[in-house]
$ cat upload-v1.cif   # mmCIF, C-alpha atoms
data_work
#
loop_
_atom_site.group_PDB
_atom_site.id
_atom_site.type_symbol
_atom_site.label_atom_id
_atom_site.label_comp_id
_atom_site.auth_asym_id
_atom_site.auth_seq_id
_atom_site.Cartn_x
_atom_site.Cartn_y
_atom_site.Cartn_z
ATOM 1 C CA MET A 25 125.939 81.356 99.110
ATOM 2 C CA ARG A 26 126.378 85.082 99.759
ATOM 3 C CA ASN A 27 123.739 85.919 97.113
ATOM 4 C CA ILE A 28 121.248 83.564 98.750
ATOM 5 C CA ILE A 29 121.747 85.265 102.124
ATOM 6 C CA ILE A 30 121.310 88.715 100.557
ATOM 7 C CA LEU A 31 118.150 87.512 98.793
ATOM 8 C CA LEU A 32 116.718 86.100 102.026
ATOM 9 C CA VAL A 33 117.436 89.335 103.901
ATOM 10 C CA LEU A 34 115.862 91.377 101.096
ATOM 11 C CA VAL A 35 112.738 89.187 101.029
ATOM 12 C CA SER A 36 112.374 89.398 104.804
ATOM 13 C CA VAL A 37 112.739 93.193 104.754
ATOM 14 C CA ILE A 38 110.163 93.529 101.975
ATOM 15 C CA SER A 39 107.732 91.139 103.659
ATOM 16 C CA CYS A 40 107.999 93.108 106.919
ATOM 17 C CA SER A 41 107.321 96.381 105.148
ATOM 18 C CA THR A 42 104.978 98.655 107.022
ATOM 19 C CA VAL A 43 103.330 99.863 103.801
ATOM 20 C CA ARG A 44 100.096 98.040 103.002
ATOM 21 C CA VAL A 45 98.432 98.571 99.617
ATOM 22 C CA LYS A 46 95.061 97.575 98.160
ATOM 23 C CA TYR A 47 94.481 97.740 94.407
ATOM 24 C CA ASP A 48 91.488 98.010 92.121
ATOM 25 C CA PHE A 49 91.292 98.456 88.367
ATOM 26 C CA ASP A 50 89.018 98.216 85.353
ATOM 27 C CA LYS A 51 89.653 94.791 83.787
ATOM 28 C CA THR A 52 88.384 95.980 80.401
ATOM 29 C CA VAL A 53 91.081 98.645 80.013
ATOM 30 C CA ASP A 54 94.053 98.131 77.684
ATOM 31 C CA PHE A 55 96.905 99.488 79.809
ATOM 32 C CA THR A 56 99.261 99.595 76.818
ATOM 33 C CA ASN A 57 97.326 102.691 75.658
ATOM 34 C CA TYR A 58 98.750 104.704 78.581
ATOM 35 C CA SER A 59 102.290 105.925 77.943
ATOM 36 C CA THR A 60 102.087 109.558 79.124
ATOM 37 C CA TYR A 61 100.813 111.127 82.339
ATOM 38 C CA ASN A 62 100.461 114.365 84.223
ATOM 39 C CA TYR A 63 98.990 115.360 87.561
ATOM 40 C CA TYR A 64 95.311 116.121 87.935
ATOM 41 C CA PRO A 65 94.897 119.878 87.335
ATOM 42 C CA GLU A 66 93.164 120.578 90.672
ATOM 43 C CA ILE A 67 95.206 118.107 92.727
ATOM 44 C CA GLN A 68 94.953 118.587 96.493
ATOM 45 C CA THR A 69 97.227 115.978 98.073
ATOM 46 C CA GLY A 70 96.523 116.976 101.660
ATOM 47 C CA LEU A 71 100.284 116.923 102.285
ATOM 48 C CA SER A 72 102.552 119.857 103.038
ATOM 49 C CA ASP A 73 104.095 121.587 100.019
ATOM 50 C CA LEU A 74 107.449 119.974 100.831
ATOM 51 C CA ASP A 75 105.978 116.477 101.146
ATOM 52 C CA SER A 76 103.922 117.019 97.972
ATOM 53 C CA ARG A 77 107.121 117.857 96.082
ATOM 54 C CA ARG A 78 108.823 114.774 97.522
ATOM 55 C CA LEU A 79 105.843 112.674 96.454
ATOM 56 C CA TYR A 80 105.847 114.095 92.912
ATOM 57 C CA ASN A 81 109.597 113.420 92.625
ATOM 58 C CA ALA A 82 109.058 109.824 93.737
ATOM 59 C CA ILE A 83 106.208 109.336 91.242
ATOM 60 C CA ASP A 84 108.156 110.993 88.399
ATOM 61 C CA SER A 85 111.166 108.790 89.084
ATOM 62 C CA THR A 86 109.055 105.622 89.200
ATOM 63 C CA MET A 87 107.136 106.475 86.030
ATOM 64 C CA GLN A 88 110.339 107.325 84.173
ATOM 65 C CA MET A 89 111.806 103.921 85.121
ATOM 66 C CA ARG A 90 108.676 102.303 83.662
ATOM 67 C CA GLY A 91 108.941 104.268 80.425
ATOM 68 C CA ILE A 92 105.867 106.398 81.129
ATOM 69 C CA LEU A 93 106.548 110.040 80.316
ATOM 70 C CA LEU A 94 105.339 113.281 81.858
ATOM 71 C CA SER A 95 103.403 115.220 79.195
ATOM 72 C CA GLU A 96 101.353 118.384 78.765
ATOM 73 C CA GLU A 97 98.819 116.313 76.795
ATOM 74 C CA PRO A 98 98.765 113.100 78.850
ATOM 75 C CA ASP A 99 96.970 109.823 78.309
ATOM 76 C CA PHE A 100 96.056 109.835 81.988
ATOM 77 C CA TYR A 101 96.095 112.000 85.071
ATOM 78 C CA ILE A 102 97.368 111.037 88.500
ATOM 79 C CA ASN A 103 95.391 112.286 91.478
ATOM 80 C CA VAL A 104 96.627 111.750 95.026
ATOM 81 C CA GLN A 105 94.680 112.339 98.218
ATOM 82 C CA SER A 106 95.798 111.723 101.766
ATOM 83 C CA LYS A 107 94.438 111.646 105.240
ATOM 84 C CA SER A 108 96.023 110.960 108.578
ATOM 85 C CA PHE A 109 94.430 109.349 111.598
ATOM 86 C CA VAL A 110 95.293 107.832 114.921
ATOM 87 C CA THR A 111 94.711 104.119 115.353
ATOM 88 C CA PRO A 112 94.170 102.810 118.849
ATOM 89 C CA ASN A 113 96.720 100.429 120.231
ATOM 90 C CA ASN A 114 95.245 96.937 120.498
ATOM 91 C CA SER A 115 98.057 95.580 122.656
ATOM 92 C CA THR A 116 96.966 95.139 126.262
ATOM 93 C CA VAL A 117 97.938 93.068 129.226
ATOM 94 C CA GLY A 118 95.082 91.473 131.126
ATOM 95 C CA VAL A 119 95.147 91.463 134.895
ATOM 96 C CA GLY A 120 92.600 89.328 136.636
ATOM 97 C CA ILE A 121 91.538 88.419 140.151
ATOM 98 C CA GLY A 122 89.246 85.538 140.875
ATOM 99 C CA GLY A 123 88.064 83.405 143.680
ATOM 100 C CA THR A 124 85.467 80.879 144.676
ATOM 101 C CA SER A 125 83.597 80.113 147.809
ATOM 102 C CA GLY A 126 81.655 76.923 147.727
ATOM 103 C CA ASN A 127 79.542 76.952 144.563
ATOM 104 C CA VAL A 128 79.880 80.704 143.999
ATOM 105 C CA GLY A 129 82.660 82.179 141.813
ATOM 106 C CA GLY A 130 83.650 85.669 140.841
ATOM 107 C CA GLY A 131 86.352 87.614 139.092
ATOM 108 C CA VAL A 132 87.555 90.995 137.984
ATOM 109 C CA SER A 133 89.690 91.682 134.907
ATOM 110 C CA ILE A 134 91.114 94.847 133.397
ATOM 111 C CA GLY A 135 93.191 95.541 130.290
ATOM 112 C CA VAL A 136 96.302 97.651 130.697
ATOM 113 C CA PRO A 137 97.349 99.242 127.375
ATOM 114 C CA LEU A 138 100.943 98.841 126.218
ATOM 115 C CA GLY A 139 102.534 101.683 124.283
ATOM 116 C CA GLY A 140 100.730 104.579 122.672
ATOM 117 C CA SER A 141 98.473 105.023 119.692
ATOM 118 C CA ASN A 142 99.817 104.840 116.143
ATOM 119 C CA LEU A 143 99.672 107.681 113.636
ATOM 120 C CA GLU A 144 98.853 106.352 110.166
ATOM 121 C CA ARG A 145 98.587 107.953 106.742
ATOM 122 C CA GLU A 146 96.365 106.775 103.934
ATOM 123 C CA LEU A 147 97.378 107.821 100.412
ATOM 124 C CA ILE A 148 94.917 107.212 97.588
ATOM 125 C CA PHE A 149 96.370 107.123 94.069
ATOM 126 C CA ASP A 150 93.799 107.475 91.264
ATOM 127 C CA LEU A 151 94.724 107.101 87.600
ATOM 128 C CA VAL A 152 92.110 108.801 85.431
ATOM 129 C CA ASP A 153 91.826 108.514 81.646
ATOM 130 C CA SER A 154 92.250 112.060 80.325
ATOM 131 C CA GLN A 155 89.947 111.581 77.325
ATOM 132 C CA LYS A 156 87.104 109.728 79.043
ATOM 133 C CA ASP A 157 87.538 111.363 82.468
ATOM 134 C CA ALA A 158 87.139 107.874 83.938
ATOM 135 C CA LEU A 159 88.997 106.199 86.775
ATOM 136 C CA PHE A 160 90.759 103.056 85.499
ATOM 137 C CA TRP A 161 93.223 102.166 88.285
ATOM 138 C CA GLN A 162 93.399 102.884 91.999
ATOM 139 C CA ALA A 163 95.760 102.047 94.833
ATOM 140 C CA ILE A 164 95.211 102.824 98.489
ATOM 141 C CA SER A 165 98.272 102.711 100.710
ATOM 142 C CA LEU A 166 98.297 102.691 104.479
ATOM 143 C CA SER A 167 101.465 103.204 106.501
ATOM 144 C CA ASN A 168 102.734 104.399 109.847
ATOM 145 C CA PHE A 169 104.390 107.779 109.944
ATOM 146 C CA SER A 170 105.737 110.331 112.362
ATOM 147 C CA GLU A 171 105.126 114.055 112.038
ATOM 148 C CA ASN A 172 108.540 114.667 113.610
ATOM 149 C CA SER A 173 110.513 112.697 111.001
ATOM 150 C CA SER A 174 113.550 114.273 109.395
ATOM 151 C CA PRO A 175 113.289 115.432 105.768
ATOM 152 C CA ASN A 176 115.430 112.451 104.656
ATOM 153 C CA THR A 177 113.208 109.997 106.512
ATOM 154 C CA ARG A 178 110.056 111.565 105.054
ATOM 155 C CA GLU A 179 111.505 111.374 101.543
ATOM 156 C CA ARG A 180 112.601 107.759 102.014
ATOM 157 C CA LYS A 181 109.138 106.815 103.298
ATOM 158 C CA LEU A 182 107.372 108.475 100.345
ATOM 159 C CA TYR A 183 109.695 106.711 97.882
ATOM 160 C CA GLU A 184 108.943 103.414 99.664
ATOM 161 C CA ILE A 185 105.191 104.035 99.412
ATOM 162 C CA VAL A 186 105.335 104.995 95.714
ATOM 163 C CA ALA A 187 107.528 101.985 94.885
ATOM 164 C CA LYS A 188 105.090 99.624 96.612
ATOM 165 C CA VAL A 189 102.013 101.305 95.083
ATOM 166 C CA PHE A 190 103.301 101.204 91.504
ATOM 167 C CA SER A 191 104.850 97.738 91.837
ATOM 168 C CA LYS A 192 101.487 96.400 90.601
ATOM 169 C CA TYR A 193 101.096 98.845 87.719
ATOM 170 C CA PRO A 194 100.197 97.973 85.083
ATOM 171 C CA PRO A 195 98.292 95.054 86.529
ATOM 172 C CA VAL A 196 98.725 91.561 85.170
ATOM 173 C CA ILE A 197 95.320 90.592 83.851
ATOM 174 C CA LYS A 198 94.841 86.837 83.876
ATOM 175 C CA LYS A 199 92.955 85.394 80.972
ATOM 176 C CA GLY A 200 89.851 83.427 81.882
ATOM 177 C CA LYS A 201 89.714 79.723 81.172
ATOM 178 C CA LYS A 202 88.004 78.740 77.955
ATOM 179 C CA LYS A 203 85.136 76.302 78.233
#

$ encode --input "upload-v1.cif" --output "structure tokens"
Amino acid sequence: MRNIIILLVLVSVISCSTVRVKYDFDKTVDFTNYSTYNYYPEIQTGLSDLDSRRLYNAIDSTMQMRGILLSEEPDFYINVQSKSFVTPNNSTVGVGIGGTSGNVGGGVSIGVPLGGSNLERELIFDLVDSQKDALFWQAISLSNFSENSSPNTRERKLYEIVAKVFSKYPPVIKKGKKK
């Protein structure tokens, strides 16, 4: 019974995750050909040097767990780009006044915003074949973040993002139905 409760809590935490990821990949690629990686030579993550190092550590750890090795002569390169932006808060409370007089009606309504705007970060992960110089897999993550987070919180968030991003790598390619 205890294991079922732990599983339910874990599933609810994962499903409420604030990291959203979209994937795209080349369906013609044989992903078993990619067992070594390195970072794109001219990588410009758009993150601070400290956050870039945290990100690389998270990627290295994830790749190592998957049996994909860092190499000077890699099968593919990883390129990461980021951008931050403010999203407007869509939560408002409507206040309205209305009245009628005979057959004539009228009203006034305004929206009062609740809370502030959200700061979000988009991280784009490109996997590029080193021989063909061709993109074969991409993930775009979007998550909330705070510029004032502690180093531990920043590291935890980057590990969470990398874990979610690479949870679908390599992709499971479904075979088409035969006619």

$ resolve_selection --input "upload-v1.cif" --expression "the PyMOL selection byres ((chain A and resi 46) around 9)" --output "ChimeraX atom specification"
/A:44-45,47-48,162-166,189

$ resolve_selection --input "upload-v1.cif" --expression "the PyMOL selection byres ((chain A and resi 81-97) around 10)" --output "ChimeraX atom specification"
/A:58-63,75-80,98-102,154,179-180,182-187,189-191,193-194

$ closest_residue --input "upload-v1.cif" --among "A:Val110, A:Val152, A:Phe49, A:Leu143" --to "Pro65 of chain A" --atoms "all atoms listed in the file"
A:Val152

$ atom_distance --input "upload-v1.cif" --atom1 "atom CA of Gln105 of chain A" --atom2 "atom CA of Gln68 of chain A"
6.5 Å

$ atom_distance --input "upload-v1.cif" --atom1 "atom CA of Ile148 of chain A" --atom2 "atom CA of Thr111 of chain A"
18.0 Å

$ closest_residue --input "upload-v1.cif" --among "A:Thr69, A:Tyr64, A:Lys107, A:Phe169" --to "Val43 of chain A" --atoms "all atoms listed in the file"
A:Phe169

$ atom_distance --input "upload-v1.cif" --atom1 "atom CA of Asn103 of chain A" --atom2 "atom CA of Pro195 of chain A"
18.2 Å

$ closest_residue --input "upload-v1.cif" --among "A:Ser170, A:Thr177, A:Asn57, A:Ser108" --to "Arg145 of chain A" --atoms "all atoms listed in the file"
A:Ser108

$ axis_aligned_box --input "upload-v1.cif" --around "segment 187-200 of chain A" --padding-each-side "5 Å" --output "lines of an AutoDock Vina configuration file"
center_x = 98.7
center_y = 92.7
center_z = 88.8
size_x = 27.7
size_y = 28.6
size_z = 25.6
